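Asks: This is the content of start_38.cif (mmCIF, C-alpha atoms; chains and numbers go by the auth columns):
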data_run
loop_
_atom_site.group_PDB
_atom_site.id
_atom_site.type_symbol
_atom_site.label_atom_id
_atom_site.label_comp_id
_atom_site.label_asym_id
_atom_site.label_seq_id
_atom_site.Cartn_x
_atom_site.Cartn_y
_atom_site.Cartn_z
_atom_site.B_iso_or_equiv
_atom_site.auth_seq_id
_atom_site.auth_asym_id
ATOM 1 C CA GLY A 1 89.821 94.966 123.506 0.00 1 A
ATOM 2 C CA LYS A 2 89.026 94.225 119.870 0.00 2 A
ATOM 3 C CA ARG A 3 87.042 91.082 120.763 0.00 3 A
ATOM 4 C CA ARG A 4 85.080 93.128 123.261 0.00 4 A
ATOM 5 C CA LEU A 5 84.234 95.643 120.562 0.00 5 A
ATOM 6 C CA LEU A 6 82.870 92.948 118.251 0.00 6 A
ATOM 7 C CA GLN A 7 80.857 91.465 121.083 0.00 7 A
ATOM 8 C CA MET A 8 79.394 94.875 121.851 0.00 8 A
ATOM 9 C CA ILE A 9 78.563 95.437 118.206 0.00 9 A
ATOM 10 C CA SER A 10 76.998 91.976 118.054 0.00 10 A
ATOM 11 C CA TYR A 11 74.816 92.699 121.058 0.00 11 A
ATOM 12 C CA ASN A 12 74.082 96.224 119.899 0.00 12 A
ATOM 13 C CA GLU A 13 75.551 97.901 123.002 0.00 13 A
ATOM 14 C CA LYS A 14 76.132 101.083 121.103 0.00 14 A
ATOM 15 C CA GLU A 15 77.224 103.441 123.881 0.00 15 A
ATOM 16 C CA LYS A 16 79.708 100.948 125.339 0.00 16 A
ATOM 17 C CA ALA A 17 81.095 100.265 121.872 0.00 17 A
ATOM 18 C CA LEU A 18 81.592 103.973 121.285 0.00 18 A
ATOM 19 C CA ARG A 19 83.429 104.395 124.572 0.00 19 A
ATOM 20 C CA LEU A 20 85.643 101.432 123.752 0.00 20 A
ATOM 21 C CA ILE A 21 86.438 102.862 120.308 0.00 21 A
ATOM 22 C CA GLN A 22 87.610 106.051 121.995 0.00 22 A
ATOM 23 C CA GLU A 23 89.514 104.182 124.702 0.00 23 A
ATOM 24 C CA LEU A 24 91.347 102.034 122.164 0.00 24 A
ATOM 25 C CA ASN A 25 91.898 105.024 119.875 0.00 25 A
ATOM 26 C CA PHE A 26 91.754 102.741 116.831 0.00 26 A
ATOM 27 C CA THR A 27 93.969 103.717 113.952 0.00 27 A
ATOM 28 C CA VAL A 28 92.550 103.635 110.452 0.00 28 A
ATOM 29 C CA ILE A 29 94.624 100.592 109.561 0.00 29 A
ATOM 30 C CA GLU A 30 93.569 98.666 112.661 0.00 30 A
ATOM 31 C CA ALA A 31 89.932 99.456 112.046 0.00 31 A
ATOM 32 C CA SER A 32 90.131 98.392 108.406 0.00 32 A
ATOM 33 C CA LEU A 33 91.897 95.111 109.151 0.00 33 A
ATOM 34 C CA TYR A 34 89.588 94.396 112.034 0.00 34 A
ATOM 35 C CA LEU A 35 86.161 95.273 110.643 0.00 35 A
ATOM 36 C CA ASP A 36 86.245 95.257 106.825 0.00 36 A
ATOM 37 C CA GLY A 37 84.520 92.205 105.465 0.00 37 A
ATOM 38 C CA HIS A 38 83.138 91.263 108.871 0.00 38 A
ATOM 39 C CA PRO A 39 79.407 90.482 108.991 0.00 39 A
ATOM 40 C CA HIS A 40 78.995 93.410 111.382 0.00 40 A
ATOM 41 C CA CYS A 41 80.872 95.846 109.144 0.00 41 A
ATOM 42 C CA LYS A 42 77.784 97.887 108.262 0.00 42 A
ATOM 43 C CA LYS A 43 76.781 98.169 111.883 0.00 43 A
ATOM 44 C CA ALA A 44 80.327 99.088 112.811 0.00 44 A
ATOM 45 C CA LEU A 45 80.196 101.891 110.222 0.00 45 A
ATOM 46 C CA GLU A 46 77.148 103.273 112.012 0.00 46 A
ATOM 47 C CA TYR A 47 79.102 103.356 115.250 0.00 47 A
ATOM 48 C CA PHE A 48 82.041 105.055 113.623 0.00 48 A
ATOM 49 C CA ASN A 49 79.654 107.673 112.277 0.00 49 A
ATOM 50 C CA ALA A 50 78.485 108.264 115.828 0.00 50 A
ATOM 51 C CA ALA A 51 82.080 108.367 117.063 0.00 51 A
ATOM 52 C CA ALA A 52 82.920 110.922 114.357 0.00 52 A
ATOM 53 C CA GLU A 53 80.058 113.098 115.542 0.00 53 A
ATOM 54 C CA LEU A 54 81.630 113.015 118.993 0.00 54 A
ATOM 55 C CA GLY A 55 84.892 114.327 117.540 0.00 55 A
ATOM 56 C CA HIS A 56 86.811 111.086 116.961 0.00 56 A
ATOM 57 C CA VAL A 57 88.954 112.255 114.012 0.00 57 A
ATOM 58 C CA GLU A 58 90.322 108.855 112.969 0.00 58 A
ATOM 59 C CA ALA A 59 86.749 107.599 112.739 0.00 59 A
ATOM 60 C CA CYS A 60 86.242 110.217 110.002 0.00 60 A
ATOM 61 C CA VAL A 61 89.159 108.736 108.063 0.00 61 A
ATOM 62 C CA TYR A 62 87.794 105.228 108.456 0.00 62 A
ATOM 63 C CA ILE A 63 84.382 106.339 107.184 0.00 63 A
ATOM 64 C CA ALA A 64 86.025 108.088 104.223 0.00 64 A
ATOM 65 C CA ASP A 65 87.950 104.907 103.409 0.00 65 A
ATOM 66 C CA CYS A 66 84.697 102.930 103.482 0.00 66 A
ATOM 67 C CA TYR A 67 83.051 105.305 101.005 0.00 67 A
ATOM 68 C CA HIS A 68 86.202 105.498 98.886 0.00 68 A
ATOM 69 C CA HIS A 69 86.533 101.732 98.488 0.00 69 A
ATOM 70 C CA GLY A 70 82.939 100.599 99.022 0.00 70 A
ATOM 71 C CA HIS A 71 83.530 98.710 102.283 0.00 71 A
ATOM 72 C CA GLY A 72 80.203 98.016 104.000 0.00 72 A
ATOM 73 C CA VAL A 73 78.568 100.784 101.986 0.00 73 A
ATOM 74 C CA GLU A 74 78.083 101.782 98.348 0.00 74 A
ATOM 75 C CA GLU A 75 81.183 103.449 96.883 0.00 75 A
ATOM 76 C CA ASN A 76 80.737 107.208 96.916 0.00 76 A
ATOM 77 C CA HIS A 77 83.686 109.464 96.152 0.00 77 A
ATOM 78 C CA ASP A 78 81.811 112.649 97.018 0.00 78 A
ATOM 79 C CA LEU A 79 81.192 111.409 100.548 0.00 79 A
ATOM 80 C CA ALA A 80 84.760 110.113 100.751 0.00 80 A
ATOM 81 C CA ILE A 81 85.990 113.636 99.966 0.00 81 A
ATOM 82 C CA GLU A 82 83.636 115.093 102.573 0.00 82 A
ATOM 83 C CA TRP A 83 84.897 112.801 105.344 0.00 83 A
ATOM 84 C CA TYR A 84 88.562 113.044 104.378 0.00 84 A
ATOM 85 C CA SER A 85 88.178 116.835 104.403 0.00 85 A
ATOM 86 C CA LYS A 86 86.686 116.794 107.906 0.00 86 A
ATOM 87 C CA ALA A 87 89.659 114.842 109.226 0.00 87 A
ATOM 88 C CA ALA A 88 92.168 116.904 107.215 0.00 88 A
ATOM 89 C CA GLU A 89 90.779 120.083 108.772 0.00 89 A
ATOM 90 C CA HIS A 90 91.816 118.605 112.125 0.00 90 A
ATOM 91 C CA ASN A 91 95.338 118.166 110.750 0.00 91 A
ATOM 92 C CA ASN A 92 95.117 114.386 110.417 0.00 92 A
ATOM 93 C CA SER A 93 98.115 113.441 108.263 0.00 93 A
ATOM 94 C CA ILE A 94 96.536 110.261 106.872 0.00 94 A
ATOM 95 C CA ALA A 95 93.453 112.162 105.741 0.00 95 A
ATOM 96 C CA GLN A 96 95.605 114.882 104.183 0.00 96 A
ATOM 97 C CA GLU A 97 97.630 112.294 102.295 0.00 97 A
ATOM 98 C CA ARG A 98 94.560 110.455 100.986 0.00 98 A
ATOM 99 C CA LEU A 99 92.707 113.644 100.146 0.00 99 A
ATOM 100 C CA ALA A 100 95.799 114.747 98.212 0.00 100 A
ATOM 101 C CA TYR A 101 95.524 111.580 96.138 0.00 101 A
ATOM 102 C CA MET A 102 91.873 112.366 95.330 0.00 102 A
ATOM 103 C CA TYR A 103 92.858 115.849 94.148 0.00 103 A
ATOM 104 C CA SER A 104 95.826 114.525 92.174 0.00 104 A
ATOM 105 C CA VAL A 105 93.658 112.203 90.060 0.00 105 A
ATOM 106 C CA GLY A 106 90.406 114.173 90.148 0.00 106 A
ATOM 107 C CA LYS A 107 88.439 111.529 92.018 0.00 107 A
ATOM 108 C CA GLY A 108 85.239 112.958 93.486 0.00 108 A
ATOM 109 C CA VAL A 109 86.677 116.442 93.024 0.00 109 A
ATOM 110 C CA SER A 110 88.240 118.555 90.272 0.00 110 A
ATOM 111 C CA GLN A 111 91.885 117.699 89.662 0.00 111 A
ATOM 112 C CA ASP A 112 94.026 120.299 91.415 0.00 112 A
ATOM 113 C CA ASP A 113 97.835 120.123 91.512 0.00 113 A
ATOM 114 C CA ALA A 114 98.193 123.068 93.882 0.00 114 A
ATOM 115 C CA LYS A 115 95.770 121.532 96.395 0.00 115 A
ATOM 116 C CA THR A 116 97.548 118.194 96.078 0.00 116 A
ATOM 117 C CA ILE A 117 100.898 119.771 96.961 0.00 117 A
ATOM 118 C CA GLU A 118 99.392 121.805 99.803 0.00 118 A
ATOM 119 C CA LEU A 119 97.874 118.718 101.426 0.00 119 A
ATOM 120 C CA LEU A 120 100.976 116.584 100.914 0.00 120 A
ATOM 121 C CA THR A 121 103.163 119.327 102.368 0.00 121 A
ATOM 122 C CA ASN A 122 101.034 119.453 105.513 0.00 122 A
ATOM 123 C CA SER A 123 101.052 115.672 105.786 0.00 123 A
ATOM 124 C CA ALA A 124 104.810 115.434 105.195 0.00 124 A
ATOM 125 C CA ALA A 125 105.444 118.048 107.881 0.00 125 A
ATOM 126 C CA GLN A 126 103.817 115.671 110.345 0.00 126 A
ATOM 127 C CA GLY A 127 106.139 112.862 109.351 0.00 127 A
ATOM 128 C CA SER A 128 104.115 110.990 106.726 0.00 128 A
ATOM 129 C CA VAL A 129 106.743 109.014 104.797 0.00 129 A
ATOM 130 C CA LYS A 130 104.327 108.373 101.944 0.00 130 A
ATOM 131 C CA ALA A 131 103.685 112.111 101.570 0.00 131 A
ATOM 132 C CA GLN A 132 107.418 112.860 101.742 0.00 132 A
ATOM 133 C CA LYS A 133 108.134 110.340 99.000 0.00 133 A
ATOM 134 C CA GLU A 134 105.281 111.614 96.842 0.00 134 A
ATOM 135 C CA LEU A 135 106.449 115.224 97.169 0.00 135 A
ATOM 136 C CA GLY A 136 109.969 114.128 96.269 0.00 136 A
ATOM 137 C CA ASP A 137 108.619 112.463 93.120 0.00 137 A
ATOM 138 C CA ILE A 138 106.492 115.481 92.243 0.00 138 A
ATOM 139 C CA TYR A 139 109.425 117.892 92.432 0.00 139 A
ATOM 140 C CA TYR A 140 111.844 115.441 90.802 0.00 140 A
ATOM 141 C CA GLU A 141 109.528 114.861 87.823 0.00 141 A
ATOM 142 C CA GLY A 142 108.029 118.363 87.682 0.00 142 A
ATOM 143 C CA ARG A 143 104.517 116.961 88.016 0.00 143 A
ATOM 144 C CA GLY A 144 102.060 119.852 88.202 0.00 144 A
ATOM 145 C CA VAL A 145 104.847 122.102 89.443 0.00 145 A
ATOM 146 C CA GLU A 146 108.147 123.475 88.169 0.00 146 A
ATOM 147 C CA GLN A 147 110.868 120.818 88.376 0.00 147 A
ATOM 148 C CA ASN A 148 112.970 121.438 91.464 0.00 148 A
ATOM 149 C CA TYR A 149 115.697 118.934 92.299 0.00 149 A
ATOM 150 C CA GLU A 150 116.668 120.745 95.515 0.00 150 A
ATOM 151 C CA MET A 151 113.132 120.287 96.875 0.00 151 A
ATOM 152 C CA ALA A 152 113.106 116.707 95.638 0.00 152 A
ATOM 153 C CA VAL A 153 116.329 115.956 97.509 0.00 153 A
ATOM 154 C CA MET A 154 114.968 117.560 100.670 0.00 154 A
ATOM 155 C CA TYR A 155 111.868 115.357 100.708 0.00 155 A
ATOM 156 C CA TYR A 156 113.705 112.246 99.554 0.00 156 A
ATOM 157 C CA GLN A 157 116.156 112.732 102.427 0.00 157 A
ATOM 158 C CA LYS A 158 113.314 113.035 104.943 0.00 158 A
ATOM 159 C CA ALA A 159 111.717 109.834 103.666 0.00 159 A
ATOM 160 C CA ALA A 160 115.048 108.014 103.451 0.00 160 A
ATOM 161 C CA ASP A 161 115.735 108.946 107.077 0.00 161 A
ATOM 162 C CA ASN A 162 112.490 107.089 107.816 0.00 162 A
ATOM 163 C CA ASP A 163 113.731 103.970 105.980 0.00 163 A
ATOM 164 C CA CYS A 164 111.804 104.442 102.725 0.00 164 A
ATOM 165 C CA ILE A 165 113.564 102.030 100.346 0.00 165 A
ATOM 166 C CA GLU A 166 112.198 103.482 97.093 0.00 166 A
ATOM 167 C CA THR A 167 113.253 106.956 98.153 0.00 167 A
ATOM 168 C CA MET A 168 116.784 105.801 98.929 0.00 168 A
ATOM 169 C CA GLU A 169 117.165 104.662 95.322 0.00 169 A
ATOM 170 C CA ARG A 170 115.985 108.053 94.003 0.00 170 A
ATOM 171 C CA LEU A 171 118.179 109.903 96.494 0.00 171 A
ATOM 172 C CA GLY A 172 121.110 107.806 95.319 0.00 172 A
ATOM 173 C CA LEU A 173 120.392 108.905 91.753 0.00 173 A
ATOM 174 C CA CYS A 174 120.433 112.548 92.824 0.00 174 A
ATOM 175 C CA TYR A 175 123.853 112.091 94.412 0.00 175 A
ATOM 176 C CA TYR A 176 125.068 110.060 91.421 0.00 176 A
ATOM 177 C CA ASN A 177 124.046 112.662 88.845 0.00 177 A
ATOM 178 C CA GLY A 178 124.482 115.772 90.996 0.00 178 A
ATOM 179 C CA LEU A 179 120.813 116.693 90.802 0.00 179 A
ATOM 180 C CA GLY A 180 119.813 119.212 93.460 0.00 180 A
ATOM 181 C CA ILE A 181 122.912 118.372 95.467 0.00 181 A
ATOM 182 C CA LYS A 182 126.674 118.165 94.918 0.00 182 A
ATOM 183 C CA GLN A 183 127.664 115.007 93.035 0.00 183 A
ATOM 184 C CA ASN A 184 128.945 112.406 95.473 0.00 184 A
ATOM 185 C CA TYR A 185 129.522 108.837 94.291 0.00 185 A
ATOM 186 C CA ASN A 186 130.200 107.633 97.833 0.00 186 A
ATOM 187 C CA LYS A 187 126.794 108.829 99.032 0.00 187 A
ATOM 188 C CA ALA A 188 125.155 107.482 95.883 0.00 188 A
ATOM 189 C CA LEU A 189 126.712 104.078 96.554 0.00 189 A
ATOM 190 C CA GLU A 190 125.554 104.190 100.184 0.00 190 A
ATOM 191 C CA TYR A 191 121.917 104.731 99.250 0.00 191 A
ATOM 192 C CA PHE A 192 121.992 102.292 96.348 0.00 192 A
ATOM 193 C CA GLU A 193 123.352 99.624 98.702 0.00 193 A
ATOM 194 C CA LYS A 194 120.693 100.242 101.357 0.00 194 A
ATOM 195 C CA SER A 195 117.910 100.038 98.809 0.00 195 A
ATOM 196 C CA ALA A 196 119.425 97.086 96.912 0.00 196 A
ATOM 197 C CA GLU A 197 119.712 95.099 100.139 0.00 197 A
ATOM 198 C CA GLN A 198 115.938 95.342 100.456 0.00 198 A
ATOM 199 C CA GLY A 199 115.448 94.023 96.927 0.00 199 A
ATOM 200 C CA ASN A 200 114.907 97.233 94.961 0.00 200 A
ATOM 201 C CA ALA A 201 115.638 96.262 91.347 0.00 201 A
ATOM 202 C CA ASN A 202 116.538 99.775 90.163 0.00 202 A
ATOM 203 C CA ALA A 203 118.948 100.199 93.064 0.00 203 A
ATOM 204 C CA GLN A 204 120.557 96.859 92.234 0.00 204 A
ATOM 205 C CA TYR A 205 121.048 97.998 88.635 0.00 205 A
ATOM 206 C CA ASN A 206 122.510 101.355 89.697 0.00 206 A
ATOM 207 C CA LEU A 207 124.746 99.642 92.224 0.00 207 A
ATOM 208 C CA ALA A 208 125.986 97.325 89.467 0.00 208 A
ATOM 209 C CA ASN A 209 126.927 100.398 87.433 0.00 209 A
ATOM 210 C CA CYS A 210 128.912 101.771 90.364 0.00 210 A
ATOM 211 C CA TYR A 211 130.859 98.540 90.716 0.00 211 A
ATOM 212 C CA TYR A 212 131.387 98.309 86.967 0.00 212 A
ATOM 213 C CA ASN A 213 132.700 101.868 86.669 0.00 213 A
ATOM 214 C CA GLY A 214 134.451 102.001 90.034 0.00 214 A
ATOM 215 C CA GLN A 215 132.346 104.941 91.216 0.00 215 A
ATOM 216 C CA GLY A 216 132.319 105.370 94.989 0.00 216 A
ATOM 217 C CA THR A 217 134.091 102.040 95.328 0.00 217 A
ATOM 218 C CA GLU A 218 136.847 99.986 93.800 0.00 218 A
ATOM 219 C CA GLN A 219 136.027 98.530 90.395 0.00 219 A
ATOM 220 C CA ASP A 220 134.648 95.037 90.873 0.00 220 A
ATOM 221 C CA TYR A 221 133.271 93.210 87.836 0.00 221 A
ATOM 222 C CA GLU A 222 132.159 90.168 89.850 0.00 222 A
ATOM 223 C CA LYS A 223 129.977 92.248 92.164 0.00 223 A
ATOM 224 C CA SER A 224 128.758 94.198 89.171 0.00 224 A
ATOM 225 C CA VAL A 225 127.597 91.023 87.401 0.00 225 A
ATOM 226 C CA GLU A 226 126.011 89.787 90.627 0.00 226 A
ATOM 227 C CA MET A 227 123.946 92.957 90.962 0.00 227 A
ATOM 228 C CA TYR A 228 123.016 93.033 87.267 0.00 228 A
ATOM 229 C CA LEU A 229 121.733 89.457 87.584 0.00 229 A
ATOM 230 C CA LYS A 230 119.723 90.243 90.733 0.00 230 A
ATOM 231 C CA SER A 231 118.131 93.183 88.994 0.00 231 A
ATOM 232 C CA ALA A 232 117.451 91.156 85.826 0.00 232 A
ATOM 233 C CA GLU A 233 115.807 88.396 87.865 0.00 233 A
ATOM 234 C CA GLN A 234 113.178 90.957 88.847 0.00 234 A
ATOM 235 C CA GLY A 235 112.575 91.840 85.215 0.00 235 A
ATOM 236 C CA ASN A 236 114.597 95.052 85.224 0.00 236 A
#
Let me see the structure of the file written as structure tokens.

Replies:
Amino acid sequence: GKRRLLQMISYNEKEKALRLIQELNFTVIEASLYLDGHPHCKKALEYFNAAAELGHVEACVYIADCYHHGHGVEENHDLAIEWYSKAAEHNNSIAQERLAYMYSVGKGVSQDDAKTIELLTNSAAQGSVKAQKELGDIYYEGRGVEQNYEMAVMYYQKAADNDCIETMERLGLCYYNGLGIKQNYNKALEYFEKSAEQGNANAQYNLANCYYNGQGTEQDYEKSVEMYLKSAEQGN
């Protein structure tokens, strides 16, 4: 299917290419990996513009990404915002997440914490792990909003349930310190272990502390040293 699309673009069979785009229902990631940097990238962007006009929402996200990062077109944050907004209005979680980033840093739009949280909340509700993690961090750190550990734990748990390694480490900290949830060294150890197994340096360090102090497990200096060394090897 993807080879056919390139062939159609090459031979300028615009209508067939558009139909194939819709049939394949390209995701943003697939489109980026497939077309970015290709000699036909600019022409492909034209087709995605046409697809967007026909209501292909993910095409709007792809176009926004192109303007955001300057792929096949001159970088233009204003147009990136415009296209992300079009897709976000159709409840596209990827667009909401990326538009939230633009509002969080004031890129192509005035910085707006409330809008950032609104967009991330909508994206997280649709299962975006990245948005769930980001909301957890926002509430944990009190970034642009009153610090709220209970909300942080809620979003960290959602992301952790979707195998987000970084979130597991933060969730472990919440259980370890009793932040937003009842202190539970056993649960803290569980999440530190899951994250440490995937190479998270902070989780390895926290796990070492648990073994050293005998928190959630029997005291084990050998395992503690092992985890401290693994964390140190990553520069922690």

Asks: Using the chain letters and residue numbers of this document, give as a PyMOL selection string the residues selected by the PyMOL selection byres ((chain A and resi 188) around 9).

Replies: chain A and resi 169+171-177+183-187+189-193+207+210+215-216

Asks: Using Å and a single decimal, report how far CA of Asn236 in chain A sits from CA of Ala203 in chain A.

Replies: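 A separation of 10.3 Å between them.
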
Asks: For Tyr67 in chain A, please output as a ChimeraX atom specification all residues within 8 Å (counting all atoms listed in the file; exclusion window: fewer than 5 positions along the same chain).

Replies: /A:73-77,79-80

Asks: Quick one: residues within 8 Å of Val57 in chain A, only C-alpha atoms counted, chain neighbours fewer than 5 positions away excluded, as a count of residues only?

Replies: 5

Asks: Counting all atoms listed in the file, which residue out of A:Lys133, A:Arg143, A:His71, A:Lys115 sits closest to Arg170 in chain A?

Replies: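 Distance minimum relative to Arg170 in chain A lands on A:Lys133.
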
Asks: Draw an axis-aligned box tight on the listed atoms of range 144-158 of chain A, then pad every side by 5 Å and write out centre and edge lengths in Å to one decimal as lines of an AutoDock Vina configuration file.

Replies:
center_x = 109.4
center_y = 117.9
center_z = 96.6
size_x = 24.6
size_y = 21.2
size_z = 26.8

Asks: Using all atoms listed in the file, which of the listed residues (A:Val105, A:Ala201, A:Leu45, A:Ala125) sits closest to Ile165 in chain A?

Replies: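 Looking only at the distances to Ile165 in chain A, the closest residue turns out to be A:Ala201.
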
Asks: For a quick check of understanding, using all atoms listed in the file, which of A:Val145, A:Ala131, A:Ala95, A:Ile181 has the smallest distance to Lys158 in chain A?

Replies: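 Ranked by minimum distance to Lys158 in chain A, first place goes to A:Ala131.
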
Asks: If we draw a sphere of 7 Å around (90.5, 110.1, 102.7), which residues have at least one atom in it when counting all atoms listed in the file? Please report them as a list in words.

Replies: Val61, Ala64, Asp65, Ala80, Ile81, Trp83, Tyr84, Ala95, Arg98 and Leu99 of chain A

Asks: Pull out every residue that the PyMOL selection byres ((chain A and resi 97) around 8) matches in the shown coordinates and put them as a list in words.

Replies: Ser93, Ile94, Ala95, Gln96, Arg98, Leu99, Ala100, Tyr101, Leu119, Leu120, Ser123, Ser128, Lys130 and Ala131 of chain A

Asks: What is the distance, in Å and to one decimal place, between CA of Val225 in chain A and CA of Asn200 in chain A?

Replies: 16.0 Å

Asks: As a ChimeraX atom specification, please: the residues near Tyr140 in chain A (cut-off 10 Å, all atoms listed in the file, same-chain neighbours under 2 positions excluded).

Replies: /A:134-138,142-143,145-153,155-156,170,174,179-180

Asks: Neighbouring residues of Tyr103 in chain A were defined as those with any atom within 6 Å, considering all atoms listed in the file; residues of the same chain fewer than 4 positions away were excluded. Please report them as an mmCIF file with C-alpha atoms, keeping the file's coordinate frame.

Replies:
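Produced file selection.cif, reproduced below:
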data_model
loop_
_atom_site.group_PDB
_atom_site.id
_atom_site.type_symbol
_atom_site.label_atom_id
_atom_site.label_comp_id
_atom_site.auth_asym_id
_atom_site.auth_seq_id
_atom_site.Cartn_x
_atom_site.Cartn_y
_atom_site.Cartn_z
ATOM 1 C CA GLN A 111 91.885 117.699 89.662
ATOM 2 C CA ASP A 112 94.026 120.299 91.415
ATOM 3 C CA THR A 116 97.548 118.194 96.078
#

Asks: For Asn49 in chain A, find every residue with an atom within 9 Å (counting all atoms listed in the file), except residues of its own chain fewer than 3 positions away, and show them as a list in words.

Replies: Ala44, Leu45, Glu46, Ala52, Glu53, Leu54, Ala59, Cys60 and Ile63 of chain A

Asks: Any chance you can output those residues with C-alpha atoms as a tab-separated table (two decimals), in the frame of the given file?

Replies:
chain	number	residue	atom	x	y	z
A	44	ALA	CA	80.33	99.09	112.81
A	45	LEU	CA	80.20	101.89	110.22
A	46	GLU	CA	77.15	103.27	112.01
A	52	ALA	CA	82.92	110.92	114.36
A	53	GLU	CA	80.06	113.10	115.54
A	54	LEU	CA	81.63	113.02	118.99
A	59	ALA	CA	86.75	107.60	112.74
A	60	CYS	CA	86.24	110.22	110.00
A	63	ILE	CA	84.38	106.34	107.18
